[in-house]
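Student: For reference, the file coords-v6.txt (compact mmCIF, C-alpha atoms) is included below:
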# COMPACT_ATOMS: atom_id res chain seq x y z
CA MET A 867 -145.32 -58.25 -117.83
CA PRO A 868 -147.63 -61.10 -116.72
CA SER A 869 -148.20 -61.39 -113.01
CA LEU A 870 -148.12 -64.60 -111.03
CA SER A 871 -150.66 -65.45 -108.39
CA PHE A 872 -149.75 -67.61 -105.43
CA ALA A 873 -153.20 -67.57 -103.83
CA PRO A 874 -154.11 -71.03 -102.43
CA PRO A 875 -157.15 -72.75 -103.83
CA SER A 876 -160.34 -71.92 -102.03
CA LEU A 877 -161.34 -74.46 -99.44
CA CYS A 878 -164.78 -72.96 -99.08
CA ALA A 879 -165.89 -73.58 -102.66
CA PRO A 880 -167.31 -77.05 -101.99
CA LEU A 881 -169.11 -75.75 -98.93
CA LEU A 882 -170.76 -72.98 -100.96
CA LEU A 883 -172.35 -75.39 -103.39
CA SER A 884 -176.11 -75.18 -103.55
CA PRO A 885 -178.41 -77.88 -104.87
CA PRO A 886 -180.11 -77.19 -108.21
CA PRO A 887 -183.69 -75.87 -108.14
CA THR A 888 -186.58 -78.27 -108.02
CA VAL A 889 -188.32 -79.46 -111.18
CA THR A 890 -191.71 -80.84 -112.20
CA ASP A 891 -192.73 -84.47 -112.50
CA LEU A 892 -192.20 -84.31 -116.28
CA ASP A 893 -188.49 -83.66 -115.69
CA VAL A 894 -187.84 -86.84 -113.72
CA PRO A 895 -188.26 -90.50 -114.75
CA PRO A 896 -191.51 -92.24 -113.70
CA LEU A 897 -189.63 -94.25 -111.05
CA PHE A 898 -188.95 -91.10 -109.02
CA ARG A 899 -192.47 -89.68 -109.17
CA SER A 900 -195.26 -89.79 -106.59
CA ARG A 901 -198.89 -90.06 -107.53
CA PHE A 902 -200.68 -86.71 -107.90
CA VAL A 903 -197.53 -84.79 -106.86
CA LEU A 904 -196.66 -82.58 -109.83
CA GLY A 905 -193.72 -80.49 -108.62
CA GLY A 906 -191.00 -80.04 -106.01
CA TYR A 907 -188.80 -82.85 -107.33
CA ARG A 908 -185.03 -82.74 -107.17
CA PRO A 909 -183.17 -83.44 -110.43
CA VAL A 910 -181.99 -87.02 -110.82
CA GLY A 911 -178.34 -87.99 -111.22
CA GLN A 912 -176.74 -85.16 -109.24
CA PRO A 913 -173.64 -85.66 -107.04
CA TRP A 914 -174.21 -87.02 -103.55
CA GLN A 915 -173.31 -83.71 -101.91
CA HIS A 916 -176.18 -81.98 -103.70
CA TYR A 917 -178.67 -84.29 -102.05
CA LEU A 918 -177.01 -83.87 -98.68
CA LEU A 919 -177.26 -80.11 -99.11
CA SER A 920 -180.91 -80.47 -100.13
CA LEU A 921 -181.54 -81.14 -96.46
CA LEU A 922 -181.74 -77.34 -96.22
CA GLN A 923 -183.78 -76.97 -99.40
CA LEU A 924 -187.57 -76.88 -99.73
CA HIS A 925 -188.78 -79.77 -101.89
CA ASN A 926 -191.49 -82.42 -101.80
CA ASP A 927 -189.42 -84.69 -99.56
CA SER A 928 -188.32 -82.05 -97.04
CA LEU A 929 -190.88 -83.02 -94.43
CA THR A 930 -190.37 -86.77 -94.99
CA VAL A 931 -186.66 -86.28 -94.27
CA TRP A 932 -186.81 -83.93 -91.31
CA THR A 933 -189.68 -85.66 -89.51
CA PRO A 934 -187.87 -89.00 -88.90
CA LEU A 935 -184.63 -87.18 -88.12
CA LEU A 936 -186.28 -85.10 -85.39
CA ALA A 937 -188.19 -88.13 -84.13
CA ALA A 938 -184.97 -90.16 -83.92
CA ALA A 939 -183.35 -87.40 -81.87
CA MET A 940 -186.35 -87.26 -79.51
CA VAL A 941 -186.52 -91.05 -79.14
CA SER A 942 -182.78 -91.31 -78.42
CA LEU A 943 -182.84 -88.51 -75.87
CA ARG A 944 -185.90 -89.90 -74.12
CA PHE A 945 -184.38 -93.37 -73.95
CA LEU A 946 -181.17 -92.00 -72.42
CA MET A 947 -183.21 -90.06 -69.87
CA PHE A 948 -185.21 -93.17 -69.05
CA ALA A 949 -182.08 -95.24 -68.47
CA VAL A 950 -180.17 -92.56 -66.55
CA LEU A 951 -183.06 -91.36 -64.38
CA GLY A 952 -183.84 -94.97 -63.61
CA GLY A 953 -180.56 -95.20 -61.74
CA GLY A 954 -178.49 -96.60 -64.56
CA GLY A 955 -179.81 -100.10 -64.01
CA VAL A 956 -183.44 -99.79 -65.03
CA LEU A 957 -182.80 -102.07 -68.02
CA GLY A 958 -181.04 -104.66 -65.88
CA PHE A 959 -177.66 -104.53 -67.63
CA ARG A 960 -174.61 -104.90 -65.41
CA LEU A 961 -170.93 -105.02 -66.18
CA GLN A 962 -170.57 -107.38 -63.22
CA GLY A 963 -172.22 -110.76 -63.63
CA PRO A 964 -173.67 -112.99 -60.90
CA GLU A 965 -170.32 -114.76 -60.51
CA GLY A 966 -168.45 -111.48 -60.35
CA GLN A 967 -167.30 -111.42 -63.98
CA GLY A 968 -168.62 -110.58 -67.41
CA LEU A 969 -171.92 -108.95 -68.39
CA SER A 970 -175.33 -109.75 -66.97
CA ALA A 971 -178.62 -108.70 -68.51
CA ASP A 972 -182.24 -108.82 -67.44
CA VAL A 973 -183.97 -110.86 -70.14
CA SER A 974 -187.24 -109.00 -69.55
CA SER A 975 -185.64 -105.79 -70.84
CA LEU A 976 -184.37 -107.26 -74.14
CA PRO A 977 -187.64 -106.69 -76.06
CA LEU A 978 -187.54 -103.03 -75.07
CA VAL A 979 -183.93 -102.74 -76.26
CA LEU A 980 -184.86 -104.42 -79.56
CA TYR A 981 -187.76 -102.02 -79.93
CA MET A 982 -185.46 -99.04 -79.42
CA PHE A 983 -182.96 -100.40 -81.93
CA SER A 984 -185.63 -101.03 -84.57
CA ALA A 985 -187.26 -97.63 -84.02
CA LEU A 986 -183.97 -95.82 -84.59
CA ALA A 987 -183.19 -98.11 -87.54
CA TYR A 988 -186.46 -97.44 -89.34
CA LEU A 989 -186.30 -93.69 -88.65
CA GLY A 990 -182.71 -93.51 -89.92
CA CYS A 991 -183.42 -95.65 -92.98
CA SER A 992 -186.49 -93.59 -93.81
CA ALA A 993 -184.61 -90.29 -93.60
CA ALA A 994 -181.69 -91.62 -95.69
CA ALA A 995 -183.98 -93.12 -98.33
CA HIS A 996 -185.99 -89.96 -98.91
CA LEU A 997 -182.93 -87.72 -98.79
CA LEU A 998 -180.63 -89.62 -101.15
CA GLN A 999 -182.90 -91.68 -103.43
CA PRO A 1000 -182.81 -89.34 -106.51
CA HIS A 1001 -179.08 -89.97 -106.99
CA SER A 1002 -179.61 -92.90 -109.37
CA GLU A 1003 -181.95 -95.76 -110.15
CA ARG A 1004 -179.75 -98.23 -108.30
CA ALA A 1005 -179.52 -95.97 -105.25
CA HIS A 1006 -183.28 -95.46 -105.34
CA TYR A 1007 -183.99 -99.18 -105.21
CA SER A 1008 -181.28 -99.97 -102.66
CA LEU A 1009 -182.31 -97.23 -100.25
CA PHE A 1010 -186.00 -98.02 -100.38
CA PHE A 1011 -185.34 -101.73 -99.97
CA LEU A 1012 -183.37 -100.84 -96.84
CA ASN A 1013 -186.27 -98.65 -95.76
CA ASN A 1014 -188.68 -101.56 -96.24
CA VAL A 1015 -186.51 -103.82 -94.08
CA GLY A 1016 -186.40 -101.14 -91.38
CA GLY A 1017 -190.17 -100.77 -91.48
CA ALA A 1018 -190.71 -104.53 -91.23
CA ILE A 1019 -188.45 -105.06 -88.22
CA TYR A 1020 -190.02 -102.04 -86.54
CA LEU A 1021 -193.49 -103.53 -86.98
CA TYR A 1022 -192.38 -106.83 -85.52
CA SER A 1023 -190.55 -105.20 -82.61
CA CYS A 1024 -193.78 -103.31 -81.86
CA ALA A 1025 -195.68 -106.59 -81.89
CA LEU A 1026 -193.09 -108.19 -79.62
CA ALA A 1027 -193.10 -105.34 -77.11
CA LEU A 1028 -196.89 -104.98 -77.08
CA HIS A 1029 -197.35 -108.74 -76.66
CA LEU A 1030 -195.00 -108.92 -73.68
CA TYR A 1031 -195.52 -105.55 -71.98
CA SER A 1032 -198.99 -104.30 -72.92
CA SER A 1033 -201.23 -107.34 -73.40
CA ASP A 1034 -203.57 -108.69 -70.75
CA ALA A 1035 -203.48 -112.27 -69.49
CA ALA A 1036 -206.92 -112.98 -70.99
CA TRP A 1037 -205.80 -111.78 -74.42
CA THR A 1038 -202.47 -113.65 -74.17
CA GLN A 1039 -204.26 -116.93 -73.49
CA SER A 1040 -206.79 -116.39 -76.29
CA PHE A 1041 -206.42 -117.90 -79.76
CA LEU A 1042 -205.33 -114.55 -81.20
CA GLY A 1043 -202.78 -114.11 -78.43
CA LYS A 1044 -201.27 -117.54 -79.08
CA ILE A 1045 -200.80 -116.96 -82.82
CA PHE A 1046 -200.02 -113.26 -82.51
CA LEU A 1047 -196.23 -113.29 -82.75
CA PRO A 1048 -195.96 -115.87 -85.58
CA ALA A 1049 -198.68 -114.06 -87.52
CA ALA A 1050 -197.00 -110.69 -86.94
CA ALA A 1051 -193.70 -112.12 -88.19
CA VAL A 1052 -195.32 -113.52 -91.35
CA LEU A 1053 -197.20 -110.28 -92.03
CA SER A 1054 -194.09 -108.15 -91.44
CA TRP A 1055 -191.99 -110.28 -93.79
CA THR A 1056 -194.76 -110.35 -96.41
CA SER A 1057 -195.17 -106.60 -96.18
CA CYS A 1058 -191.42 -106.06 -96.67
CA THR A 1059 -191.20 -108.51 -99.58
CA ALA A 1060 -194.34 -107.17 -101.25
CA SER A 1061 -193.09 -103.58 -100.96
CA CYS A 1062 -189.77 -104.50 -102.57
CA TYR A 1063 -191.45 -106.59 -105.27
CA VAL A 1064 -193.95 -103.86 -106.15
CA LYS A 1065 -191.14 -101.30 -106.29
CA VAL A 1066 -189.28 -103.47 -108.82
CA HIS A 1067 -192.20 -104.47 -111.03
CA SER A 1068 -194.81 -101.72 -110.71
CA GLY A 1069 -193.00 -98.59 -109.56
CA TRP A 1070 -195.48 -96.24 -107.93
CA THR A 1071 -198.59 -97.33 -109.85
CA CYS A 1072 -199.56 -100.19 -107.49
CA THR A 1073 -200.83 -99.54 -103.96
CA PHE A 1074 -201.32 -103.15 -102.80
CA HIS A 1075 -198.21 -103.06 -100.61
CA ARG A 1076 -199.44 -99.93 -98.85
CA LYS A 1077 -202.74 -101.57 -97.96
CA LEU A 1078 -200.87 -104.66 -96.75
CA TYR A 1079 -198.62 -102.51 -94.55
CA SER A 1080 -201.69 -100.76 -93.13
CA LEU A 1081 -203.34 -104.11 -92.42
CA THR A 1082 -200.18 -105.30 -90.64
CA THR A 1083 -200.14 -102.12 -88.56
CA ILE A 1084 -203.74 -102.65 -87.48
CA PHE A 1085 -203.02 -106.27 -86.57
CA VAL A 1086 -199.92 -105.33 -84.56
CA ILE A 1087 -201.85 -102.92 -82.34
CA SER A 1088 -204.63 -105.45 -81.62
CA PRO A 1089 -203.44 -105.89 -77.97
CA ILE A 1090 -204.11 -102.18 -77.47
CA PHE A 1091 -207.61 -102.54 -78.92
CA HIS A 1092 -208.28 -105.25 -76.36
CA ARG A 1093 -206.93 -103.13 -73.52
CA LEU A 1094 -209.11 -100.15 -74.45
CA ALA A 1095 -212.19 -102.35 -74.91
CA THR A 1096 -211.93 -104.33 -71.67
CA HIS A 1097 -210.30 -102.07 -69.07
CA SER A 1098 -212.30 -99.75 -66.90
CA TRP A 1099 -211.06 -96.21 -66.47
CA THR A 1100 -212.35 -96.05 -62.88
CA SER A 1101 -211.70 -99.52 -61.44
CA SER A 1102 -208.42 -98.93 -59.62
CA PRO A 1103 -208.74 -99.08 -55.82
CA THR A 1104 -206.28 -96.28 -55.00
CA ALA A 1105 -205.81 -92.79 -56.39
CA SER A 1106 -202.20 -93.33 -57.42
CA LEU A 1107 -203.03 -96.60 -59.16
CA HIS A 1108 -206.01 -94.93 -60.84
CA LEU A 1109 -203.86 -92.10 -62.22
CA LEU A 1110 -201.30 -94.58 -63.56
CA GLN A 1111 -204.02 -96.64 -65.21
CA VAL A 1112 -205.60 -93.57 -66.81
CA ALA A 1113 -202.21 -92.44 -68.11
CA LEU A 1114 -201.62 -95.87 -69.66
CA LEU A 1115 -205.06 -95.89 -71.27
CA LEU A 1116 -204.67 -92.36 -72.61
CA ASN A 1117 -201.30 -93.22 -74.13
CA SER A 1118 -202.83 -96.33 -75.65
CA LEU A 1119 -205.77 -94.40 -77.07
CA ILE A 1120 -203.54 -91.73 -78.63
CA TYR A 1121 -201.30 -94.44 -80.05
CA VAL A 1122 -204.25 -96.23 -81.66
CA VAL A 1123 -205.61 -93.03 -83.20
CA LEU A 1124 -202.23 -92.04 -84.63
CA SER A 1125 -201.64 -95.57 -85.95
CA LEU A 1126 -204.99 -95.68 -87.72
CA LEU A 1127 -204.52 -92.22 -89.22
CA SER A 1128 -201.03 -93.06 -90.45
CA ALA A 1129 -202.33 -96.31 -91.98
CA PHE A 1130 -205.10 -94.39 -93.74
CA PHE A 1131 -202.82 -91.79 -95.28
CA PHE A 1132 -200.28 -94.44 -96.29
CA SER A 1133 -202.87 -96.57 -98.11
CA CYS A 1134 -204.76 -93.68 -99.76
CA SER A 1135 -203.18 -90.88 -101.78
CA SER A 1136 -205.18 -88.20 -100.00
CA PRO A 1137 -205.55 -85.24 -100.04
CA GLU A 1138 -203.43 -84.78 -103.20
CA ARG A 1139 -205.66 -86.99 -105.32
CA PHE A 1140 -208.46 -84.42 -104.99
CA SER A 1141 -206.29 -81.49 -106.04
CA PRO A 1142 -203.12 -82.59 -107.88
CA GLY A 1143 -200.36 -80.01 -107.61
CA SER A 1144 -201.78 -78.24 -104.55
CA PHE A 1145 -199.94 -80.35 -101.96
CA ASP A 1146 -196.62 -80.86 -103.73
CA VAL A 1147 -194.29 -79.37 -101.13
CA LEU A 1148 -196.47 -79.54 -98.03
CA GLY A 1149 -199.39 -81.72 -97.11
CA HIS A 1150 -199.36 -84.75 -99.41
CA SER A 1151 -200.12 -88.22 -98.00
CA ARG A 1152 -196.53 -89.42 -97.78
CA GLN A 1153 -195.64 -86.47 -95.58
CA LEU A 1154 -198.72 -86.90 -93.40
CA PHE A 1155 -197.93 -90.60 -93.01
CA HIS A 1156 -194.38 -89.90 -91.82
CA VAL A 1157 -195.48 -87.14 -89.45
CA LEU A 1158 -198.16 -89.32 -87.88
CA LEU A 1159 -195.92 -92.39 -87.72
CA SER A 1160 -193.15 -90.40 -86.05
CA LEU A 1161 -195.60 -89.01 -83.50
CA CYS A 1162 -196.91 -92.53 -83.02
CA THR A 1163 -193.39 -93.76 -82.29
CA VAL A 1164 -192.82 -91.06 -79.68
CA VAL A 1165 -196.15 -91.77 -77.97
CA GLN A 1166 -195.67 -95.52 -78.12
CA GLN A 1167 -192.20 -95.26 -76.63
CA GLU A 1168 -193.59 -93.41 -73.62
CA ALA A 1169 -196.39 -95.94 -73.22
CA LEU A 1170 -193.95 -98.87 -73.43
CA PHE A 1171 -191.74 -97.30 -70.78
CA ARG A 1172 -194.72 -97.17 -68.42
CA ASP A 1173 -195.82 -100.70 -69.28
CA PHE A 1174 -192.26 -101.99 -68.91
CA LEU A 1175 -191.88 -100.58 -65.40
CA TRP A 1176 -195.36 -101.72 -64.42
CA ARG A 1177 -195.18 -105.31 -65.69
CA ARG A 1178 -191.48 -106.09 -65.64
CA PRO A 1179 -191.45 -107.93 -62.27
CA ALA A 1180 -194.07 -110.44 -63.47
CA LEU A 1181 -192.67 -111.14 -66.95
CA PRO A 1182 -190.33 -114.04 -66.04
CA ARG A 1183 -193.15 -115.67 -64.10
CA LEU A 1184 -195.75 -115.17 -66.86
CA PHE A 1185 -193.66 -116.14 -69.88
CA GLY A 1186 -190.48 -117.73 -68.55
CA ALA A 1187 -186.91 -116.72 -69.35
CA GLU A 1188 -186.54 -119.27 -72.16
CA ARG A 1189 -189.68 -118.08 -73.92
CA LEU A 1190 -188.55 -114.47 -73.65
CA LEU A 1191 -185.19 -115.35 -75.19
CA LEU A 1192 -186.90 -117.32 -77.94
CA ALA A 1193 -189.14 -114.36 -78.73
CA CYS A 1194 -186.11 -112.07 -78.97
CA THR A 1195 -184.34 -114.61 -81.18
CA SER A 1196 -187.31 -114.54 -83.55
CA PHE A 1197 -186.59 -110.84 -84.10
CA LEU A 1198 -183.13 -111.72 -85.41
CA TRP A 1199 -184.59 -114.40 -87.69
CA LEU A 1200 -187.12 -111.96 -89.11
CA THR A 1201 -184.40 -109.38 -89.73
CA SER A 1202 -182.37 -111.99 -91.59
CA CYS A 1203 -185.33 -113.14 -93.71
CA CYS A 1204 -186.29 -109.58 -94.66
CA SER A 1205 -182.68 -108.77 -95.54
CA VAL A 1206 -182.41 -111.88 -97.74
CA ALA A 1207 -185.61 -110.96 -99.60
CA ALA A 1208 -184.44 -107.38 -100.13
CA LEU A 1209 -180.99 -108.49 -101.31
CA ALA A 1210 -182.50 -111.00 -103.75
CA LEU A 1211 -184.71 -108.34 -105.35
CA ARG A 1212 -181.83 -105.86 -105.35
CA SER A 1213 -179.76 -108.41 -107.27
CA ARG A 1214 -182.57 -108.67 -109.81
CA VAL A 1215 -182.58 -104.89 -110.17
CA GLN A 1216 -178.82 -104.84 -110.69
CA ASN A 1217 -179.08 -107.50 -113.39
CA ARG A 1218 -181.82 -105.58 -115.13
CA THR A 1219 -179.96 -102.27 -115.06
CA SER A 1220 -176.74 -103.96 -116.26
CA THR A 1221 -178.63 -105.57 -119.16
CA ALA A 1222 -180.22 -102.26 -120.09
CA ALA A 1223 -176.85 -100.50 -119.98
CA GLU A 1224 -175.26 -103.12 -122.26
CA ALA A 1225 -178.13 -102.84 -124.72
Since I need it in another form, could you write the structure as structure tokens?

Tutor:
Amino acid sequence: MPSLSFAPPSLCAPLLLSPPPTVTDLDVPPLFRSRFVLGGYRPVGQPWQHYLLSLLQLHNDSLTVWTPLLAAAMVSLRFLMFAVLGGGGVLGFRLQGPEGQGLSADVSSLPLVLYMFSALAYLGCSAAAHLLQPHSERAHYSLFFLNNVGGAIYLYSCALALHLYSSDAAWTQSFLGKIFLPAAAVLSWTSCTASCYVKVHSGWTCTFHRKLYSLTTIFVISPIFHRLATHSWTSSPTASLHLLQVALLLNSLIYVVLSLLSAFFFSCSSPERFSPGSFDVLGHSRQLFHVLLSLCTVVQQEALFRDFLWRRPALPRLFGAERLLLACTSFLWLTSCCSVAALALRSRVQNRTSTAAEA
């Protein structure tokens, strides 16, 4: 006599799914390959949950996913500590306005808030792009376009914060200081647009956009170069002021070194170009770039906190409240322009994939 089973369906089955094993570069389309990386790829076209579960799998994007995730957690925690330990009002935000109602904000703190927002945005976009991009061609393009927008607004927010908090009066009044923010905006937008354009038309074979991004990075940190070149490490009249100055200079020096190293590894496919296949899972240039850039973000955040506290009282007098607001508004304009460029190229990709599917 046949027996009947009334056992409920297993709710743990979806949780026990494991992503498929990694494959070689010959098993994935050229779009999903990296130069000189021959293995450690995840199969293309798998369900979304497989790529989410690959967070716990060892593949050639493991480090590029975990590094920005950990950096985002550290940046968020440090920012909360900075705000809380500063008495809750270190950023100048109040629920009670000058007239007793509404919200008041210290305009000198807005560039720092924009920097924090852009740092978390680029770290989150980077982690999502490298984690989920093998799902499909459309997802690959969309996620990396979003990643390019995040990188561009982060570069400009760095330029904005360094210009206002970390630059000297002599550099600010120089020709480079006067054109710095407009030039940084143009370079950031160009870098974003070029990265998206190269992704659409050349895949991974062209490295022009990487060199342009590296050039933009070097330009953005030019105020720090000036600080290191002109400031004396022993000129402060008091011991406490001397220690603060040395700490600022050390942070600046470490930031410059990490920025230059990250730019180098991003623009050159080293060390994997010298031994293809030896650095597939650990040690290729994309991983080194993300590790160094994440460390750079953590170090820069600490340096900006010090500069913000040191120079905040003089900012309204040096730049004026209207100029500070205008500078912050330029961040929103740049974000909009980068988003428009990315959406336009994404639309072109969608049209191309739809045409190919119909054919």

Student: Point out the residue among A:Phe898, A:Tyr917, A:Phe1011, A:Tyr1031 with the least atom-to-atom distance to Pro1182 of chain A, counting only C-alpha atoms.

Tutor: A:Tyr1031

Student: So that I can see what lies close to Val894 of chain A, please list as a PDB file with C-alpha atoms, in the coordinates of the input the residues with an atom at most 10 Å from it, counting only C-alpha atoms and leaving out residues fewer than 6 positions away in the same chain.

Tutor:
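New file result.pdb:
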ATOM      1  CA  TYR A 907    -188.800 -82.850-107.330  1.00  0.00           C
ATOM      2  CA  ARG A 908    -185.030 -82.740-107.170  1.00  0.00           C
ATOM      3  CA  PRO A 909    -183.170 -83.440-110.430  1.00  0.00           C
ATOM      4  CA  VAL A 910    -181.990 -87.020-110.820  1.00  0.00           C
ATOM      5  CA  GLY A 911    -178.340 -87.990-111.220  1.00  0.00           C
ATOM      6  CA  PRO A1000    -182.810 -89.340-106.510  1.00  0.00           C
TER       7      PRO A1000
END

Student: Compare A:Leu1200, A:Leu897, A:Ala1036, A:Leu892 by their minimum atom-to-atom distance to Val1066 of chain A, counting all atoms listed in the file, and give me the closest one.

Tutor: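 Once distances to Val1066 of chain A are computed over all atoms listed in the file, the minimum belongs to A:Leu897.
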
Student: Quick one: residues within 10 Å of segment 1145-1153 of chain A, only C-alpha atoms, excluding same-chain residues fewer than 5 positions away - as an mmCIF file with C-alpha atoms, in the coordinates of the input?

Tutor:
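Writing done, so here's out17.cif:
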data_model
loop_
_atom_site.group_PDB
_atom_site.id
_atom_site.type_symbol
_atom_site.label_atom_id
_atom_site.label_comp_id
_atom_site.auth_asym_id
_atom_site.auth_seq_id
_atom_site.Cartn_x
_atom_site.Cartn_y
_atom_site.Cartn_z
ATOM 1 C CA THR A 890 -191.710 -80.840 -112.200
ATOM 2 C CA SER A 900 -195.260 -89.790 -106.590
ATOM 3 C CA ARG A 901 -198.890 -90.060 -107.530
ATOM 4 C CA PHE A 902 -200.680 -86.710 -107.900
ATOM 5 C CA VAL A 903 -197.530 -84.790 -106.860
ATOM 6 C CA LEU A 904 -196.660 -82.580 -109.830
ATOM 7 C CA GLY A 905 -193.720 -80.490 -108.620
ATOM 8 C CA GLY A 906 -191.000 -80.040 -106.010
ATOM 9 C CA TYR A 907 -188.800 -82.850 -107.330
ATOM 10 C CA LEU A 924 -187.570 -76.880 -99.730
ATOM 11 C CA HIS A 925 -188.780 -79.770 -101.890
ATOM 12 C CA ASN A 926 -191.490 -82.420 -101.800
ATOM 13 C CA ASP A 927 -189.420 -84.690 -99.560
ATOM 14 C CA SER A 928 -188.320 -82.050 -97.040
ATOM 15 C CA LEU A 929 -190.880 -83.020 -94.430
ATOM 16 C CA THR A 930 -190.370 -86.770 -94.990
ATOM 17 C CA VAL A 931 -186.660 -86.280 -94.270
ATOM 18 C CA THR A 933 -189.680 -85.660 -89.510
ATOM 19 C CA SER A 1128 -201.030 -93.060 -90.450
ATOM 20 C CA PHE A 1130 -205.100 -94.390 -93.740
ATOM 21 C CA PHE A 1131 -202.820 -91.790 -95.280
ATOM 22 C CA PHE A 1132 -200.280 -94.440 -96.290
ATOM 23 C CA SER A 1133 -202.870 -96.570 -98.110
ATOM 24 C CA CYS A 1134 -204.760 -93.680 -99.760
ATOM 25 C CA SER A 1135 -203.180 -90.880 -101.780
ATOM 26 C CA SER A 1136 -205.180 -88.200 -100.000
ATOM 27 C CA PRO A 1137 -205.550 -85.240 -100.040
ATOM 28 C CA GLU A 1138 -203.430 -84.780 -103.200
ATOM 29 C CA ARG A 1139 -205.660 -86.990 -105.320
ATOM 30 C CA PHE A 1140 -208.460 -84.420 -104.990
ATOM 31 C CA LEU A 1158 -198.160 -89.320 -87.880
ATOM 32 C CA LEU A 1159 -195.920 -92.390 -87.720
#

Student: Find the residues around Tyr981 of chain A up to 8 Å (all atoms listed in the file counted), leave out those fewer than 2 positions away in its own chain, and share them as a list in words.

Tutor: Pro977, Leu978, Val979, Phe983, Ser984, Ala985, Tyr1020, Ser1023, Cys1024 and Ala1027 of chain A

Student: Between atom CA of Leu1175 of chain A and atom CA of His1156 of chain A, what is the distance in Å, rounded to a tenth?

Tutor: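 Rounded to one decimal, the two atoms are 28.6 Å apart.
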
Student: List as an MDAnalysis selection string the protein and nucleic acid residues near Val1015 of chain A, meaning an atom at most 10 Å away when all atoms listed in the file are counted, but skip any in the same chain fewer than 3 places from it.

Tutor: chainID A and resid 984 987:988 991 1009:1012 1018:1021 1054:1055 1057:1059 1061:1062 1200:1208

Student: Restrict the selected residues to C-alpha atoms and save them as a CSV table (one decimal), in the coordinates of the input.

Tutor:
chain,number,residue,atom,x,y,z
A,984,SER,CA,-185.6,-101.0,-84.6
A,987,ALA,CA,-183.2,-98.1,-87.5
A,988,TYR,CA,-186.5,-97.4,-89.3
A,991,CYS,CA,-183.4,-95.6,-93.0
A,1009,LEU,CA,-182.3,-97.2,-100.2
A,1010,PHE,CA,-186.0,-98.0,-100.4
A,1011,PHE,CA,-185.3,-101.7,-100.0
A,1012,LEU,CA,-183.4,-100.8,-96.8
A,1018,ALA,CA,-190.7,-104.5,-91.2
A,1019,ILE,CA,-188.4,-105.1,-88.2
A,1020,TYR,CA,-190.0,-102.0,-86.5
A,1021,LEU,CA,-193.5,-103.5,-87.0
A,1054,SER,CA,-194.1,-108.2,-91.4
A,1055,TRP,CA,-192.0,-110.3,-93.8
A,1057,SER,CA,-195.2,-106.6,-96.2
A,1058,CYS,CA,-191.4,-106.1,-96.7
A,1059,THR,CA,-191.2,-108.5,-99.6
A,1061,SER,CA,-193.1,-103.6,-101.0
A,1062,CYS,CA,-189.8,-104.5,-102.6
A,1200,LEU,CA,-187.1,-112.0,-89.1
A,1201,THR,CA,-184.4,-109.4,-89.7
A,1202,SER,CA,-182.4,-112.0,-91.6
A,1203,CYS,CA,-185.3,-113.1,-93.7
A,1204,CYS,CA,-186.3,-109.6,-94.7
A,1205,SER,CA,-182.7,-108.8,-95.5
A,1206,VAL,CA,-182.4,-111.9,-97.7
A,1207,ALA,CA,-185.6,-111.0,-99.6
A,1208,ALA,CA,-184.4,-107.4,-100.1

Student: What gap, in Å, lies between atom CA of Phe1197 of chain A and atom CA of Ile1045 of chain A?

Tutor: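 If I compute the distance from atom CA of Phe1197 of chain A to atom CA of Ile1045 of chain A, I get 15.5 Å.
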